[in-house]
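Undergrad: Got protein23.cif for you, mmCIF, C-alpha atoms:
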data_coords
#
loop_
_atom_site.group_PDB
_atom_site.id
_atom_site.type_symbol
_atom_site.label_atom_id
_atom_site.label_comp_id
_atom_site.auth_asym_id
_atom_site.auth_seq_id
_atom_site.Cartn_x
_atom_site.Cartn_y
_atom_site.Cartn_z
ATOM 1 C CA MET Q 189 3.126 44.683 -120.537
ATOM 2 C CA SER Q 190 2.343 41.692 -118.288
ATOM 3 C CA LYS Q 191 -1.177 40.298 -117.908
ATOM 4 C CA TYR Q 192 -2.239 39.259 -114.409
ATOM 5 C CA ILE Q 193 -4.960 37.082 -112.926
ATOM 6 C CA MET Q 194 -5.797 38.013 -109.314
ATOM 7 C CA VAL Q 195 -6.557 35.126 -106.924
ATOM 8 C CA ILE Q 196 -8.325 36.523 -103.854
ATOM 9 C CA ASP Q 197 -8.975 34.192 -100.928
ATOM 10 C CA ASP Q 198 -8.110 34.236 -97.228
ATOM 11 C CA SER Q 199 -7.044 30.575 -97.398
ATOM 12 C CA PRO Q 200 -3.450 30.020 -98.578
ATOM 13 C CA THR Q 201 -4.418 26.428 -99.458
ATOM 14 C CA ILE Q 202 -7.085 27.666 -101.875
ATOM 15 C CA ARG Q 203 -4.884 30.438 -103.312
ATOM 16 C CA VAL Q 204 -1.995 28.099 -104.100
ATOM 17 C CA SER Q 205 -4.304 25.329 -105.431
ATOM 18 C CA VAL Q 206 -5.961 27.804 -107.817
ATOM 19 C CA GLU Q 207 -2.585 29.206 -108.871
ATOM 20 C CA LEU Q 208 -1.333 25.687 -109.665
ATOM 21 C CA ALA Q 209 -4.476 24.967 -111.701
ATOM 22 C CA LEU Q 210 -4.064 28.174 -113.746
ATOM 23 C CA LYS Q 211 -0.305 27.915 -114.290
ATOM 24 C CA GLN Q 212 -0.649 26.307 -117.724
ATOM 25 C CA LEU Q 213 -2.485 29.355 -119.138
ATOM 26 C CA GLY Q 214 0.685 31.428 -119.095
ATOM 27 C CA PHE Q 215 -0.624 34.464 -117.198
ATOM 28 C CA MET Q 216 1.103 36.069 -114.232
ATOM 29 C CA ILE Q 217 -0.765 35.239 -111.012
ATOM 30 C CA LYS Q 218 -1.033 37.603 -108.048
ATOM 31 C CA GLN Q 219 -2.447 36.372 -104.755
ATOM 32 C CA ALA Q 220 -4.391 38.544 -102.286
ATOM 33 C CA GLU Q 221 -5.745 37.467 -98.901
ATOM 34 C CA ASN Q 222 -8.818 39.726 -98.777
ATOM 35 C CA GLY Q 223 -10.647 42.355 -100.823
ATOM 36 C CA GLN Q 224 -8.609 45.304 -99.554
ATOM 37 C CA ASP Q 225 -5.326 43.491 -100.201
ATOM 38 C CA ALA Q 226 -6.604 42.818 -103.743
ATOM 39 C CA LEU Q 227 -7.529 46.474 -104.398
ATOM 40 C CA ASP Q 228 -4.048 47.556 -103.216
ATOM 41 C CA LYS Q 229 -2.287 44.987 -105.414
ATOM 42 C CA ILE Q 230 -4.443 45.762 -108.461
ATOM 43 C CA SER Q 231 -3.546 49.423 -108.047
ATOM 44 C CA GLU Q 232 0.189 48.529 -107.873
ATOM 45 C CA ILE Q 233 -0.096 46.371 -111.017
ATOM 46 C CA LYS Q 234 -1.868 49.118 -112.973
ATOM 47 C CA ASN Q 235 0.536 51.815 -111.747
ATOM 48 C CA GLY Q 236 3.404 49.623 -112.955
ATOM 49 C CA GLY Q 237 1.925 49.716 -116.476
ATOM 50 C CA ASP Q 238 0.644 46.129 -116.384
ATOM 51 C CA GLU Q 239 -2.891 44.785 -116.812
ATOM 52 C CA VAL Q 240 -5.292 42.721 -114.699
ATOM 53 C CA VAL Q 241 -7.336 40.515 -117.038
ATOM 54 C CA LEU Q 242 -9.424 38.599 -114.490
ATOM 55 C CA CYS Q 243 -10.156 38.444 -110.758
ATOM 56 C CA LEU Q 244 -11.110 35.193 -109.022
ATOM 57 C CA SER Q 245 -12.533 36.038 -105.619
ATOM 58 C CA ASP Q 246 -13.870 34.264 -102.544
ATOM 59 C CA ILE Q 247 -16.858 35.792 -100.703
ATOM 60 C CA ASN Q 248 -16.283 35.182 -96.981
ATOM 61 C CA MET Q 249 -13.073 37.034 -96.123
ATOM 62 C CA PRO Q 250 -12.080 39.355 -93.277
ATOM 63 C CA VAL Q 251 -11.309 43.095 -93.745
ATOM 64 C CA LEU Q 252 -13.170 43.463 -97.075
ATOM 65 C CA ASN Q 253 -15.350 40.562 -98.200
ATOM 66 C CA GLY Q 254 -16.016 39.448 -101.768
ATOM 67 C CA ILE Q 255 -19.221 41.462 -102.340
ATOM 68 C CA GLU Q 256 -17.557 44.592 -100.881
ATOM 69 C CA PHE Q 257 -14.502 43.989 -103.052
ATOM 70 C CA ILE Q 258 -16.564 43.727 -106.250
ATOM 71 C CA THR Q 259 -18.528 46.875 -105.323
ATOM 72 C CA GLU Q 260 -15.310 48.872 -104.725
ATOM 73 C CA PHE Q 261 -13.558 47.412 -107.760
ATOM 74 C CA ARG Q 262 -16.469 48.306 -110.055
ATOM 75 C CA LYS Q 263 -16.123 51.976 -109.016
ATOM 76 C CA VAL Q 264 -12.751 52.062 -110.770
ATOM 77 C CA ASP Q 265 -13.052 49.253 -113.322
ATOM 78 C CA LYS Q 266 -16.317 48.430 -115.061
ATOM 79 C CA PHE Q 267 -15.038 45.822 -117.478
ATOM 80 C CA THR Q 268 -12.432 43.425 -116.025
ATOM 81 C CA PRO Q 269 -14.330 40.196 -115.243
ATOM 82 C CA VAL Q 270 -14.668 39.078 -111.627
ATOM 83 C CA VAL Q 271 -15.564 35.424 -111.085
ATOM 84 C CA VAL Q 272 -16.553 34.350 -107.586
ATOM 85 C CA LEU Q 273 -15.221 31.045 -106.178
ATOM 86 C CA THR Q 274 -17.158 30.194 -103.029
ATOM 87 C CA THR Q 275 -19.043 27.690 -100.895
ATOM 88 C CA GLU Q 276 -21.985 30.140 -100.837
ATOM 89 C CA ALA Q 277 -24.912 28.755 -102.812
ATOM 90 C CA GLU Q 278 -27.768 30.896 -101.414
ATOM 91 C CA LYS Q 279 -29.783 32.658 -104.122
ATOM 92 C CA ASP Q 280 -29.818 35.972 -102.192
ATOM 93 C CA ILE Q 281 -26.029 36.144 -101.942
ATOM 94 C CA ILE Q 282 -25.581 35.153 -105.584
ATOM 95 C CA GLN Q 283 -28.041 37.918 -106.544
ATOM 96 C CA LYS Q 284 -26.083 40.442 -104.434
ATOM 97 C CA GLY Q 285 -22.883 39.381 -106.200
ATOM 98 C CA LYS Q 286 -24.504 39.748 -109.583
ATOM 99 C CA GLU Q 287 -25.851 43.203 -108.705
ATOM 100 C CA ALA Q 288 -22.414 44.257 -107.402
ATOM 101 C CA GLY Q 289 -20.943 43.361 -110.795
ATOM 102 C CA ALA Q 290 -19.730 39.747 -110.645
ATOM 103 C CA SER Q 291 -19.317 38.090 -114.029
ATOM 104 C CA GLY Q 292 -19.682 34.504 -112.839
ATOM 105 C CA TRP Q 293 -20.179 32.352 -109.761
ATOM 106 C CA ILE Q 294 -18.483 28.981 -109.187
ATOM 107 C CA ILE Q 295 -19.769 27.001 -106.218
ATOM 108 C CA LYS Q 296 -17.103 24.821 -104.580
ATOM 109 C CA PRO Q 297 -16.133 22.041 -104.984
ATOM 110 C CA PHE Q 298 -14.968 22.367 -108.559
ATOM 111 C CA GLN Q 299 -12.675 20.386 -110.827
ATOM 112 C CA ALA Q 300 -9.541 22.164 -112.069
ATOM 113 C CA GLU Q 301 -10.685 21.526 -115.640
ATOM 114 C CA ASP Q 302 -14.005 23.338 -115.059
ATOM 115 C CA LEU Q 303 -12.171 26.311 -113.567
ATOM 116 C CA LEU Q 304 -9.829 26.424 -116.555
ATOM 117 C CA ASN Q 305 -12.770 26.394 -118.978
ATOM 118 C CA VAL Q 306 -14.445 29.322 -117.189
ATOM 119 C CA VAL Q 307 -11.191 31.311 -117.053
ATOM 120 C CA LYS Q 308 -10.487 30.670 -120.748
ATOM 121 C CA ARG Q 309 -13.960 31.936 -121.603
ATOM 122 C CA PHE Q 310 -13.270 35.286 -119.937
ATOM 123 C CA VAL Q 311 -9.656 35.838 -121.005
ATOM 124 C CA LYS Q 312 -9.783 34.550 -124.594
ATOM 125 C CA MET Y 1474 -27.816 19.850 -85.653
ATOM 126 C CA LEU Y 1475 -29.926 19.800 -82.514
ATOM 127 C CA ARG Y 1476 -30.315 22.808 -80.196
ATOM 128 C CA SER Y 1477 -30.943 21.851 -76.584
ATOM 129 C CA GLN Y 1478 -31.882 24.377 -73.902
ATOM 130 C CA ASN Y 1479 -32.464 21.976 -71.033
ATOM 131 C CA ASN Y 1480 -29.410 19.843 -70.414
ATOM 132 C CA ARG Y 1481 -27.048 19.214 -67.517
ATOM 133 C CA THR Y 1482 -24.400 21.698 -68.736
ATOM 134 C CA GLY Y 1483 -26.686 24.584 -67.716
ATOM 135 C CA LYS Y 1484 -26.038 26.300 -71.039
ATOM 136 C CA VAL Y 1485 -27.512 26.038 -74.515
ATOM 137 C CA LEU Y 1486 -26.002 22.995 -76.249
ATOM 138 C CA TYR Y 1487 -25.717 22.681 -80.016
ATOM 139 C CA LEU Y 1488 -25.299 19.002 -80.819
ATOM 140 C CA LEU Y 1489 -23.614 18.380 -84.143
ATOM 141 C CA TYR Y 1490 -24.270 15.257 -86.183
ATOM 142 C CA PRO Y 1491 -21.703 13.921 -88.665
ATOM 143 C CA GLY Y 1492 -21.418 16.397 -91.537
ATOM 144 C CA ASP Y 1493 -22.582 19.389 -89.445
ATOM 145 C CA HIS Y 1494 -20.657 22.605 -88.783
ATOM 146 C CA PHE Y 1495 -21.462 25.547 -86.517
ATOM 147 C CA ALA Y 1496 -19.794 28.624 -85.026
ATOM 148 C CA SER Y 1497 -20.863 30.896 -82.182
ATOM 149 C CA ASN Y 1498 -19.706 33.780 -80.030
ATOM 150 C CA GLU Y 1499 -22.242 32.973 -77.296
ATOM 151 C CA ASP Y 1500 -21.639 31.401 -73.907
ATOM 152 C CA CYS Y 1501 -22.853 27.967 -74.964
ATOM 153 C CA TYR Y 1502 -21.504 24.511 -75.747
ATOM 154 C CA ILE Y 1503 -21.107 22.798 -79.090
ATOM 155 C CA GLY Y 1504 -21.048 19.037 -78.685
ATOM 156 C CA THR Y 1505 -20.568 15.945 -80.812
ATOM 157 C CA ILE Y 1506 -19.165 12.440 -80.864
ATOM 158 C CA ALA Y 1507 -15.978 11.851 -82.824
ATOM 159 C CA GLY Y 1508 -15.924 8.323 -84.187
ATOM 160 C CA SER Y 1509 -14.239 7.571 -87.480
ATOM 161 C CA CYS Y 1510 -14.842 11.177 -88.574
ATOM 162 C CA LEU Y 1511 -12.620 14.154 -87.825
ATOM 163 C CA VAL Y 1512 -13.777 16.832 -85.416
ATOM 164 C CA VAL Y 1513 -12.086 20.223 -85.701
ATOM 165 C CA CYS Y 1514 -12.603 22.971 -83.114
ATOM 166 C CA LEU Y 1515 -11.379 26.420 -84.147
ATOM 167 C CA PHE Y 1516 -11.051 29.329 -81.732
ATOM 168 C CA ASP Y 1517 -10.382 32.973 -82.620
ATOM 169 C CA TYR Y 1518 -8.663 34.318 -79.506
ATOM 170 C CA ILE Y 1519 -9.246 37.976 -80.474
ATOM 171 C CA LYS Y 1520 -12.964 37.672 -81.222
ATOM 172 C CA LYS Y 1521 -13.529 35.025 -78.504
ATOM 173 C CA THR Y 1522 -15.491 33.027 -81.042
ATOM 174 C CA GLY Y 1523 -15.317 29.339 -81.833
ATOM 175 C CA GLY Y 1524 -16.632 26.804 -84.282
ATOM 176 C CA MET Y 1525 -16.763 23.059 -84.726
ATOM 177 C CA ILE Y 1526 -17.125 20.671 -87.667
ATOM 178 C CA ASN Y 1527 -17.585 16.913 -87.802
ATOM 179 C CA PHE Y 1528 -16.599 15.513 -91.213
ATOM 180 C CA VAL Y 1529 -14.752 12.814 -93.133
ATOM 181 C CA VAL Y 1530 -12.281 12.867 -96.009
ATOM 182 C CA PRO Y 1531 -13.856 10.100 -98.087
ATOM 183 C CA GLY Y 1532 -11.071 8.059 -99.603
ATOM 184 C CA THR Y 1533 -7.397 7.377 -99.780
ATOM 185 C CA ALA Y 1534 -5.015 10.037 -100.939
ATOM 186 C CA VAL Y 1535 -2.159 9.160 -103.214
ATOM 187 C CA THR Y 1536 1.153 10.804 -102.541
ATOM 188 C CA GLU Y 1537 0.686 14.211 -104.126
ATOM 189 C CA GLY Y 1538 -0.140 16.087 -100.928
ATOM 190 C CA ILE Y 1539 -2.806 18.575 -99.993
ATOM 191 C CA LEU Y 1540 -2.494 20.873 -103.026
ATOM 192 C CA LYS Y 1541 -2.771 18.274 -105.757
ATOM 193 C CA ASP Y 1542 -4.490 15.248 -104.304
ATOM 194 C CA ASP Y 1543 -8.059 15.159 -105.551
ATOM 195 C CA ILE Y 1544 -9.512 13.492 -102.477
ATOM 196 C CA PHE Y 1545 -8.164 16.184 -100.142
ATOM 197 C CA ARG Y 1546 -10.309 18.661 -102.097
ATOM 198 C CA ILE Y 1547 -13.284 17.372 -100.062
ATOM 199 C CA GLY Y 1548 -11.437 17.954 -96.797
ATOM 200 C CA ILE Y 1549 -10.513 21.494 -97.840
ATOM 201 C CA LEU Y 1550 -14.135 22.138 -98.823
ATOM 202 C CA ASN Y 1551 -15.357 21.053 -95.392
ATOM 203 C CA MET Y 1552 -12.843 23.315 -93.685
ATOM 204 C CA GLU Y 1553 -14.063 26.159 -95.925
ATOM 205 C CA TYR Y 1554 -17.609 25.641 -94.583
ATOM 206 C CA LEU Y 1555 -16.392 26.078 -91.014
ATOM 207 C CA MET Y 1556 -14.115 28.992 -91.924
ATOM 208 C CA ALA Y 1557 -17.075 30.721 -93.609
ATOM 209 C CA ASP Y 1558 -19.165 30.322 -90.420
ATOM 210 C CA MET Y 1559 -16.323 31.887 -88.426
ATOM 211 C CA VAL Y 1560 -15.557 34.745 -90.854
ATOM 212 C CA LYS Y 1561 -19.255 35.705 -90.889
ATOM 213 C CA LEU Y 1562 -18.887 36.292 -87.125
ATOM 214 C CA GLY Y 1563 -15.908 38.584 -87.710
ATOM 215 C CA CYS Y 1564 -13.093 36.032 -87.258
ATOM 216 C CA ASP Y 1565 -9.764 36.034 -89.059
ATOM 217 C CA ARG Y 1566 -7.703 32.882 -89.626
ATOM 218 C CA HIS Y 1567 -4.569 34.766 -88.538
ATOM 219 C CA HIS Y 1568 -6.017 34.715 -84.994
ATOM 220 C CA MET Y 1569 -7.147 31.105 -84.897
ATOM 221 C CA LYS Y 1570 -5.959 28.050 -83.022
ATOM 222 C CA ALA Y 1571 -7.150 24.501 -83.682
ATOM 223 C CA LYS Y 1572 -7.946 21.460 -81.589
ATOM 224 C CA ILE Y 1573 -8.458 18.265 -83.563
ATOM 225 C CA PHE Y 1574 -10.005 14.944 -82.556
ATOM 226 C CA GLY Y 1575 -11.292 11.674 -83.942
ATOM 227 C CA ALA Y 1576 -10.371 9.645 -87.022
ATOM 228 C CA GLY Y 1577 -10.656 6.592 -84.811
ATOM 229 C CA TYR Y 1578 -11.593 3.093 -85.888
ATOM 230 C CA SER Y 1579 -13.610 0.474 -84.108
ATOM 231 C CA VAL Y 1580 -12.287 -2.934 -83.097
ATOM 232 C CA ASN Y 1581 -14.350 -4.387 -85.956
ATOM 233 C CA SER Y 1582 -12.815 -2.107 -88.595
ATOM 234 C CA ASN Y 1583 -11.450 -3.598 -91.761
ATOM 235 C CA SER Y 1584 -8.156 -2.519 -93.326
ATOM 236 C CA ASN Y 1585 -9.954 0.043 -95.565
ATOM 237 C CA GLN Y 1586 -11.357 1.841 -92.531
ATOM 238 C CA ILE Y 1587 -7.951 1.922 -90.865
ATOM 239 C CA THR Y 1588 -6.445 3.362 -94.083
ATOM 240 C CA SER Y 1589 -9.245 5.945 -94.127
ATOM 241 C CA SER Y 1590 -8.430 6.893 -90.546
ATOM 242 C CA ASP Y 1591 -4.728 7.352 -91.427
ATOM 243 C CA ASN Y 1592 -5.773 9.372 -94.444
ATOM 244 C CA ASN Y 1593 -7.953 11.710 -92.389
ATOM 245 C CA ILE Y 1594 -5.087 12.264 -89.946
ATOM 246 C CA LYS Y 1595 -2.727 13.016 -92.846
ATOM 247 C CA PHE Y 1596 -5.199 15.527 -94.298
ATOM 248 C CA VAL Y 1597 -5.872 17.482 -91.133
ATOM 249 C CA THR Y 1598 -2.194 17.675 -90.202
ATOM 250 C CA GLU Y 1599 -1.150 18.889 -93.663
ATOM 251 C CA TYR Y 1600 -4.048 21.339 -93.864
ATOM 252 C CA PHE Y 1601 -3.220 23.201 -90.674
ATOM 253 C CA ALA Y 1602 0.506 23.232 -91.498
ATOM 254 C CA PHE Y 1603 -0.271 24.847 -94.857
ATOM 255 C CA GLU Y 1604 -2.739 27.328 -93.352
ATOM 256 C CA LYS Y 1605 -0.175 28.169 -90.628
ATOM 257 C CA ILE Y 1606 -2.877 27.730 -87.982
ATOM 258 C CA PRO Y 1607 -1.334 26.267 -84.825
ATOM 259 C CA ILE Y 1608 -2.729 22.961 -83.555
ATOM 260 C CA GLU Y 1609 -3.081 23.397 -79.813
ATOM 261 C CA LYS Y 1610 -4.379 19.911 -79.093
ATOM 262 C CA LYS Y 1611 -4.311 16.752 -81.212
ATOM 263 C CA ASP Y 1612 -6.090 13.565 -80.127
ATOM 264 C CA LEU Y 1613 -6.446 11.309 -83.150
ATOM 265 C CA GLY Y 1614 -6.728 7.607 -84.048
ATOM 266 C CA GLY Y 1615 -7.240 4.748 -81.619
ATOM 267 C CA ASN Y 1616 -10.035 2.208 -81.511
ATOM 268 C CA PHE Y 1617 -12.555 4.229 -79.523
ATOM 269 C CA ARG Y 1618 -14.953 7.148 -79.833
ATOM 270 C CA ARG Y 1619 -14.716 10.520 -78.124
ATOM 271 C CA LYS Y 1620 -17.554 12.592 -76.695
ATOM 272 C CA LEU Y 1621 -16.668 16.279 -77.018
ATOM 273 C CA TYR Y 1622 -18.027 19.525 -75.600
ATOM 274 C CA PHE Y 1623 -16.521 22.751 -76.938
ATOM 275 C CA SER Y 1624 -16.982 26.151 -75.319
ATOM 276 C CA PRO Y 1625 -16.753 28.609 -78.246
ATOM 277 C CA ALA Y 1626 -16.459 31.634 -75.943
ATOM 278 C CA ASP Y 1627 -13.114 30.519 -74.450
ATOM 279 C CA GLY Y 1628 -11.877 27.658 -76.646
ATOM 280 C CA THR Y 1629 -11.996 24.955 -73.956
ATOM 281 C CA VAL Y 1630 -12.744 21.388 -75.059
ATOM 282 C CA TYR Y 1631 -13.986 18.726 -72.648
ATOM 283 C CA ARG Y 1632 -13.372 15.171 -73.857
ATOM 284 C CA LYS Y 1633 -14.586 11.792 -72.646
ATOM 285 C CA ILE Y 1634 -13.406 8.493 -74.107
ATOM 286 C CA LEU Y 1635 -16.333 6.184 -74.913
ATOM 287 C CA GLN Y 1636 -15.643 2.489 -74.578
ATOM 288 C CA ASN Y 1637 -19.221 1.281 -74.769
ATOM 289 C CA ASN Y 1638 -20.653 1.693 -78.265
ATOM 290 C CA GLU Y 1639 -24.081 0.304 -77.283
ATOM 291 C CA ASP Y 1640 -25.122 3.579 -75.599
ATOM 292 C CA PHE Y 1641 -24.440 5.559 -78.755
ATOM 293 C CA SER Y 1642 -25.798 3.178 -81.382
ATOM 294 C CA GLU Y 1643 -28.053 5.854 -82.938
ATOM 295 C CA PHE Y 1644 -25.126 8.220 -83.419
ATOM 296 C CA ILE Y 1645 -22.984 5.386 -84.829
ATOM 297 C CA SER Y 1646 -25.712 4.585 -87.391
ATOM 298 C CA LEU Y 1647 -25.883 8.248 -88.421
ATOM 299 C CA GLU Y 1648 -22.122 8.381 -88.800
ATOM 300 C CA LYS Y 1649 -22.085 5.236 -90.921
ATOM 301 C CA GLU Y 1650 -24.833 6.647 -93.153
ATOM 302 C CA TYR Y 1651 -23.002 9.988 -93.509
ATOM 303 C CA VAL Y 1652 -19.637 8.353 -94.337
ATOM 304 C CA GLU Y 1653 -21.249 6.095 -96.968
ATOM 305 C CA ASP Y 1654 -22.973 9.124 -98.536
ATOM 306 C CA GLU Y 1655 -19.698 11.040 -98.651
ATOM 307 C CA PHE Y 1656 -17.910 8.125 -100.353
ATOM 308 C CA ARG Y 1657 -20.771 7.823 -102.868
ATOM 309 C CA ASN Y 1658 -20.837 11.557 -103.659
ATOM 310 C CA ARG Y 1659 -17.156 12.355 -103.515
ATOM 311 C CA ASN Y 1660 -16.909 13.289 -107.196
ATOM 312 C CA LYS Y 1661 -19.821 15.720 -106.990
ATOM 313 C CA THR Y 1662 -19.067 19.297 -108.038
ATOM 314 C CA GLY Y 1663 -20.892 22.591 -107.475
ATOM 315 C CA LYS Y 1664 -22.802 24.702 -109.995
ATOM 316 C CA ILE Y 1665 -21.188 27.189 -112.343
ATOM 317 C CA LEU Y 1666 -23.203 30.321 -113.172
ATOM 318 C CA LEU Y 1667 -22.097 32.809 -115.806
ATOM 319 C CA PHE Y 1668 -23.799 36.217 -115.771
ATOM 320 C CA ASP Y 1669 -22.640 37.717 -119.045
#
Now, as a test, write the supplied structure out as structure tokens.
TA:
Amino acid sequence: MSKYIMVIDDSPTIRVSVELALKQLGFMIKQAENGQDALDKISEIKNGGDEVVLCLSDINMPVLNGIEFITEFRKVDKFTPVVVLTTEAEKDIIQKGKEAGASGWIIKPFQAEDLLNVVKRFVK
Amino acid sequence: MLRSQNNRTGKVLYLLYPGDHFASNEDCYIGTIAGSCLVVCLFDYIKKTGGMINFVVPGTAVTEGILKDDIFRIGILNMEYLMADMVKLGCDRHHMKAKIFGAGYSVNSNSNQITSSDNNIKFVTEYFAFEKIPIEKKDLGGNFRRKLYFSPADGTVYRKILQNNEDFSEFISLEKEYVEDEFRNRNKTGKILLFD
């Protein structure tokens, strides 16, 4: 059974940068360009008998944004951690994310090392 | 950013200072002066919505390119601010086109400033190639400033070359202050919050 980390962001630059930073951890990485794309890919992974161990998600995305994604995801999965990676630093939005079921919130910019430490904490 | 109702364009004008970003779907203008900083205008041709940012990539990249070079991280972050403004108005980067201006240097620039200008041009070109967002207009470099008015409702940009710096000394001071701040704070990182 393979273990996946989902990287959800509408920017290909961000998705590939995050994937490169996480490469050394040895997990499979699956990229999604918005919340709906992520839900579809998570479903495919699970139906294939594999496991999603962590989601890293942006907030401002078209189709289904980060808060909507977390809300929908929590209807089918209460436990897999979702860490938000965003430029949003407003208390209200962070509170909404927390209430929706986010496990952590990283405000950009971040160093690759800090991201790795947060990911390791959730997937240890 | 300054909002001006009474100006000779006959429309509301949002004047951006260095470091500012703004998007709108109204029939207005977004204006700025592009000096040594980069000015990016994005237009979503489906939503008829546009946005502008005036920013600098503070430093010299080594040769690792946009994905690995630490200094380009700041450029990507700035583009994320503008993208967030646009996405909040319903835009999608698959429907965007870009017009990019600035990264000029003055006749009094030293070699570091010219390198910084080259570096900003390298960043913005690589960024849009990677994002697969077409650059519709590119007007970069040169030893002059550009006064820009962007119509976010139709994507048109009006540009005037400024040869006389004296008339814009206040803006030039603000730009200098902003660029120095960005160089000073370029290693700054955001907060990390863990909820459980």
Undergrad: In terms of the shortest atom-to-atom distance over only C-alpha atoms, which of Y:Phe1641, Y:Tyr1518, Y:Phe1617, Y:Tyr1600 is closest to Gly1575 (chain Y)?
TA: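 Of Y:Phe1641, Y:Tyr1518, Y:Phe1617, Y:Tyr1600, the one nearest Gly1575 (chain Y) is Y:Phe1617, counting only C-alpha atoms.
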Undergrad: Figure out the distance between CA of Asn1498 (chain Y) and CA of Leu1621 (chain Y), please, to one decimal in Å.
TA: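 Atom-to-atom, CA of Leu1621 (chain Y) and CA of Asn1498 (chain Y) are spaced 18.0 Å apart.
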Undergrad: I need the residue nearest chain Q from this list: Y:Phe1623, Y:Tyr1502, Y:Tyr1651, Y:Phe1603. Use only C-alpha atoms for the distance.
TA: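 Of the candidates, the smallest distance to chain Q is held by Y:Phe1603.
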Undergrad: Leaving out Gly289 (chain Q) and any residue of its chain fewer than 6 positions from it, which residues lie within 8 Å of it when counting only C-alpha atoms, given as a PDB file with C-alpha atoms, in the coordinates of the input?
TA:
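This went into result.pdb:
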ATOM      1  CA  ILE Q 258     -16.564  43.727-106.250  1.00  0.00           C
ATOM      2  CA  THR Q 259     -18.528  46.875-105.323  1.00  0.00           C
ATOM      3  CA  ARG Q 262     -16.469  48.306-110.055  1.00  0.00           C
ATOM      4  CA  VAL Q 270     -14.668  39.078-111.627  1.00  0.00           C
TER       5      VAL Q 270
END
Undergrad: To one decimal in Å, tell me the separation between CA of Glu1553 (chain Y) and CA of Cys1510 (chain Y).
TA: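 For CA of Glu1553 (chain Y) relative to CA of Cys1510 (chain Y), the distance reads 16.7 Å.
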Undergrad: List as CSV every residue of chain Q that is in contact with chain Y, defined as an atom at most 9 Å from one of its atoms (using only C-alpha atoms), together with the nearest atom pair and the distance in Å rounded to one decimal, sorted by chain and then rising number.
TA:
residue,atom,partner,partner_atom,distance
Q:Asp198,CA,Y:Arg1566,CA,7.7
Q:Ser199,CA,Y:Glu1604,CA,6.7
Q:Pro200,CA,Y:Glu1604,CA,5.9
Q:Thr201,CA,Y:Phe1603,CA,6.4
Q:Ile202,CA,Y:Ile1549,CA,8.1
Q:Val204,CA,Y:Leu1540,CA,7.3
Q:Ser205,CA,Y:Leu1540,CA,5.4
Q:Leu208,CA,Y:Leu1540,CA,8.3
Q:Ile247,CA,Y:Ala1557,CA,8.7
Q:Asn248,CA,Y:Ala1557,CA,5.6
Q:Met249,CA,Y:Val1560,CA,6.3
Q:Pro250,CA,Y:Asp1565,CA,5.8
Q:Val251,CA,Y:Asp1565,CA,8.6
Q:Val271,CA,Y:Leu1667,CA,8.5
Q:Thr274,CA,Y:Glu1553,CA,8.7
Q:Thr275,CA,Y:Tyr1554,CA,6.8
Q:Glu276,CA,Y:Ala1557,CA,8.8
Q:Ala277,CA,Y:Lys1664,CA,8.5
Q:Lys286,CA,Y:Phe1668,CA,7.2
Q:Ala290,CA,Y:Phe1668,CA,7.4
Q:Ser291,CA,Y:Phe1668,CA,5.2
Q:Gly292,CA,Y:Leu1667,CA,4.2
Q:Trp293,CA,Y:Leu1666,CA,5.0
Q:Ile294,CA,Y:Ile1665,CA,4.5
Q:Ile295,CA,Y:Gly1663,CA,4.7
Q:Lys296,CA,Y:Gly1663,CA,5.3
Q:Pro297,CA,Y:Thr1662,CA,5.0
Q:Phe298,CA,Y:Thr1662,CA,5.1
Q:Gln299,CA,Y:Thr1662,CA,7.1
Q:Asp302,CA,Y:Ile1665,CA,8.6
Q:Val306,CA,Y:Leu1667,CA,8.5
Undergrad: Can you give me, as a ChimeraX atom specification, the residues this file yields under the PyMOL selection byres ((chain Q and resi 229) around 12)?
TA: /Q:192-196,217-228,230-236,238-240,243,261
Undergrad: Quick one: write out the picked residues with C-alpha atoms as an mmCIF file, keeping the file's coordinate frame?
TA:
data_model
loop_
_atom_site.group_PDB
_atom_site.id
_atom_site.type_symbol
_atom_site.label_atom_id
_atom_site.label_comp_id
_atom_site.auth_asym_id
_atom_site.auth_seq_id
_atom_site.Cartn_x
_atom_site.Cartn_y
_atom_site.Cartn_z
ATOM 1 C CA TYR Q 192 -2.239 39.259 -114.409
ATOM 2 C CA ILE Q 193 -4.960 37.082 -112.926
ATOM 3 C CA MET Q 194 -5.797 38.013 -109.314
ATOM 4 C CA VAL Q 195 -6.557 35.126 -106.924
ATOM 5 C CA ILE Q 196 -8.325 36.523 -103.854
ATOM 6 C CA ILE Q 217 -0.765 35.239 -111.012
ATOM 7 C CA LYS Q 218 -1.033 37.603 -108.048
ATOM 8 C CA GLN Q 219 -2.447 36.372 -104.755
ATOM 9 C CA ALA Q 220 -4.391 38.544 -102.286
ATOM 10 C CA GLU Q 221 -5.745 37.467 -98.901
ATOM 11 C CA ASN Q 222 -8.818 39.726 -98.777
ATOM 12 C CA GLY Q 223 -10.647 42.355 -100.823
ATOM 13 C CA GLN Q 224 -8.609 45.304 -99.554
ATOM 14 C CA ASP Q 225 -5.326 43.491 -100.201
ATOM 15 C CA ALA Q 226 -6.604 42.818 -103.743
ATOM 16 C CA LEU Q 227 -7.529 46.474 -104.398
ATOM 17 C CA ASP Q 228 -4.048 47.556 -103.216
ATOM 18 C CA ILE Q 230 -4.443 45.762 -108.461
ATOM 19 C CA SER Q 231 -3.546 49.423 -108.047
ATOM 20 C CA GLU Q 232 0.189 48.529 -107.873
ATOM 21 C CA ILE Q 233 -0.096 46.371 -111.017
ATOM 22 C CA LYS Q 234 -1.868 49.118 -112.973
ATOM 23 C CA ASN Q 235 0.536 51.815 -111.747
ATOM 24 C CA GLY Q 236 3.404 49.623 -112.955
ATOM 25 C CA ASP Q 238 0.644 46.129 -116.384
ATOM 26 C CA GLU Q 239 -2.891 44.785 -116.812
ATOM 27 C CA VAL Q 240 -5.292 42.721 -114.699
ATOM 28 C CA CYS Q 243 -10.156 38.444 -110.758
ATOM 29 C CA PHE Q 261 -13.558 47.412 -107.760
#
